[in-house]
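Worksheet: one structure, shown below.
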Amino acid sequence: MSDPQTRSVPGRIMAAEMAEQPAVLQRILDEGAPKIREIAAGIAARSPRFVLLTARGTSDNAALYAKYLIEILLGRPAGLTSMSTTTAYGAKPDLTDVLVITVSQSGGSPDLVASTKAAREAGAITLAVTNNPDSPLAEVSEFHIDVLAGPEKALPATKTYTAELLALYLLVEGLRGGDGSAAKELPGLAAGVLARHAEVRALAERYRFAQRLVITSRGYGYPTAREAALKLMETTYIPATPFSGADLLHGPLAMVDNVSPVIAVVPDGRGGEALQPVLDRLRGRGADLVVIGQQAQVDAASAGFALPAGVAEEVQPILEILPLQQLAYEVTIARGQDPDAPRALAKVTETH
């Protein structure tokens, strides 16, 4: 990608916002972390018995990442809510001593606001994680974390997603009394990953005429697979189906053949170890397998993008998604479309 300030081709805004991500991550570590620790301490003092996460779209994938963090690092049960149980059916669950975290880029969707308000009235500890401290969602929540991403104008969310991931990681670290040190090198590492966009452009040629894609991962990488599929579908319009590696083996593997394009996000750690049998099966079926992961896994695949080594598994998703954002951008440009303004999408989706 050339300098987004001088480009006149479509995608200028998305390119610029992707490039901002290292600075956004650094801003969160420098300016946001103290406030996040303060909020986490206040919530921890109230000993929530479990956690519910509420979100839509890209933010729903960030919420799923938080679910893994909460269950693995905190040892607390966590679940993703079904907002319609409250907004459409009028259910009134007892949420006393439950932490309800609502994640939203804009903080403006009516169903998110209504369900959070109802949760607070039902006794929940409510926390909004948004990019807009003046939003209706922030107003109805007891606590609020600003992800400090700055205005995001491209319709595909990029910098707000990685900002949400880092903010949620720091929150969970604060809830368990950790120092968040695993995140301190992320801004520099992210800059290094984004600088390798020529490698991603070469990968994009594989998918210029693709009719469908399968994206798979396990563990902390699964939210990345879901977010990558969403980005590819909303920008390129290619049907991209995300699967947990375990679910892929339970039937959908049958649709994969020797011309099927598969992208595997392979975490460096237990998630990658759990995914290994799936990778072996995909290779056995002759799939066109592209790996986002460590160099050895890339070398064993048809192609891929190697991620930095030595990064704690729980923060790897913040780096994993970066080449996949760029991939969505590059494939969209190659197909003659504008990633800044996908058809039929609005920046704030108002569901009820």
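For the structure tokens, the naming scheme is as follows: chains receive sequential letters (A, B, ...) according to their order of presentation, residues are indexed from 1 within each chain, and ligands are indexed from 1 in presentation order.
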
Write out as number ranges by chain all residues of region 133-237 of chain A that backbone DSSP assigns to strand (DSSP E).
A: 143-146, 213-217

In region 127-199 of chain A, what's helix (DSSP H, G or I) per DSSP? Answer as an MDAnalysis selection string?
chainID A and resid 136:140 159:175 181:183 186:194 197:199

Any idea what's packed within 7 Å of region 176-188 of chain A, counting only C-alpha atoms, ignoring anything in its chain fewer than 3 positions away? Could you give it as a ChimeraX atom specification?
/A:22-23,25-26,74,170,172-173,191-192,312,315

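Within 12 Å of Pro136 (chain A), once only C-alpha atoms are used and residues closer than 4 positions along the same chain are dropped, the contacting residues are Ser104, Gln105, Ser106, Gly107, Gly108, Ser109, Pro110, Asp111, Leu112, Val113, Ala114, Thr116, Lys117, Ala128, Thr130, Asn131, Asn132, Val140, Ser141 and His144 of chain A.
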
Go ahead and write the residues just picked, C-alpha atoms, as a PDB file, in the first residue's frame.
```
ATOM      1  CA  SER A 104     -19.458  -1.278  21.036  1.00  0.00           C
ATOM      2  CA  GLN A 105     -17.425   0.939  18.746  1.00  0.00           C
ATOM      3  CA  SER A 106     -20.040   3.703  18.638  1.00  0.00           C
ATOM      4  CA  GLY A 107     -22.053   2.985  21.782  1.00  0.00           C
ATOM      5  CA  GLY A 108     -25.143   4.022  19.846  1.00  0.00           C
ATOM      6  CA  SER A 109     -27.087   0.899  18.885  1.00  0.00           C
ATOM      7  CA  PRO A 110     -30.502   0.957  20.610  1.00  0.00           C
ATOM      8  CA  ASP A 111     -30.504  -2.750  21.520  1.00  0.00           C
ATOM      9  CA  LEU A 112     -27.118  -2.470  23.222  1.00  0.00           C
ATOM     10  CA  VAL A 113     -28.280   0.553  25.191  1.00  0.00           C
ATOM     11  CA  ALA A 114     -31.626  -1.038  26.124  1.00  0.00           C
ATOM     12  CA  THR A 116     -27.424  -2.672  29.260  1.00  0.00           C
ATOM     13  CA  LYS A 117     -29.976  -0.453  30.965  1.00  0.00           C
ATOM     14  CA  ALA A 128     -19.300  -0.221  28.589  1.00  0.00           C
ATOM     15  CA  THR A 130     -16.551   1.993  23.520  1.00  0.00           C
ATOM     16  CA  ASN A 131     -14.734   4.456  21.296  1.00  0.00           C
ATOM     17  CA  ASN A 132     -17.187   7.173  22.323  1.00  0.00           C
ATOM     18  CA  VAL A 140     -26.429   4.147  30.960  1.00  0.00           C
ATOM     19  CA  SER A 141     -23.459   2.082  32.198  1.00  0.00           C
ATOM     20  CA  HIS A 144     -16.934   3.047  31.008  1.00  0.00           C
TER      21      HIS A 144
END
```

Can you pull out the residues contacting Glu31 (chain A)? Cut-off 12 Å, using only C-alpha atoms, and skip same-chain residues under 5 positions away; I want them as a ChimeraX atom specification.
/A:23-26,36-37,145-149,167

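Ranking A:Met18, A:Leu324, A:Ile238, A:Val103 by their shortest atom-to-atom distance to Arg56 (chain A), with only C-alpha atoms included, puts A:Val103 first.
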
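Atom pair CA of Tyr220 (chain A) / CA of Thr235 (chain A): separated by 24.1 Å.
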
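Minimum atom-to-atom distance to Pro93 (chain A), evaluated using only C-alpha atoms, belongs to A:Ala124 out of A:Ala66, A:Val9, A:Ala124, A:Leu155.
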
Give me, as a PDB file with C-alpha atoms, in the first residue's frame, all polymer residues having an atom no more than 10 Å from Ser217 (chain A), counting only C-alpha atoms and skipping those fewer than 5 positions away in the same chain.
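Resulting contents of selection22.pdb:
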```
ATOM      1  CA  TYR A 222     -10.916 -18.404  17.011  1.00  0.00           C
ATOM      2  CA  PRO A 223     -12.152 -14.806  17.493  1.00  0.00           C
ATOM      3  CA  THR A 224      -9.492 -13.798  14.948  1.00  0.00           C
ATOM      4  CA  ALA A 225     -10.903 -16.303  12.452  1.00  0.00           C
ATOM      5  CA  ARG A 226     -14.386 -14.872  12.957  1.00  0.00           C
ATOM      6  CA  PRO A 242     -15.293 -19.211  10.108  1.00  0.00           C
ATOM      7  CA  PHE A 243     -15.083 -22.483  11.998  1.00  0.00           C
ATOM      8  CA  SER A 244     -13.527 -23.592  15.218  1.00  0.00           C
ATOM      9  CA  GLY A 245     -11.120 -26.323  14.198  1.00  0.00           C
ATOM     10  CA  ALA A 246     -13.056 -28.753  16.381  1.00  0.00           C
ATOM     11  CA  ASP A 247     -16.333 -27.871  14.665  1.00  0.00           C
ATOM     12  CA  LEU A 248     -14.728 -28.151  11.229  1.00  0.00           C
ATOM     13  CA  ILE A 263      -6.955 -19.842   5.920  1.00  0.00           C
ATOM     14  CA  ALA A 264      -5.804 -21.182   9.291  1.00  0.00           C
ATOM     15  CA  VAL A 265      -4.915 -18.889  12.176  1.00  0.00           C
ATOM     16  CA  VAL A 266      -2.475 -20.985  14.199  1.00  0.00           C
ATOM     17  CA  PRO A 267      -1.698 -19.593  17.681  1.00  0.00           C
ATOM     18  CA  GLY A 271      -4.571 -23.304  20.697  1.00  0.00           C
ATOM     19  CA  GLY A 272      -2.140 -24.134  17.912  1.00  0.00           C
ATOM     20  CA  ALA A 274      -5.184 -28.262  19.522  1.00  0.00           C
ATOM     21  CA  LEU A 275      -5.492 -27.184  15.874  1.00  0.00           C
ATOM     22  CA  GLN A 276      -2.719 -29.478  14.637  1.00  0.00           C
ATOM     23  CA  VAL A 278      -7.172 -30.189  11.766  1.00  0.00           C
ATOM     24  CA  LEU A 279      -4.184 -28.900   9.802  1.00  0.00           C
ATOM     25  CA  VAL A 291      -1.387 -20.197   7.565  1.00  0.00           C
ATOM     26  CA  ILE A 292      -1.157 -17.103   9.744  1.00  0.00           C
TER      27      ILE A 292
END
```

Between A:Ala78, A:Val100, A:Leu165, A:Ala45, smallest distance to Ala62 (chain A) by only C-alpha atoms belongs to A:Leu165
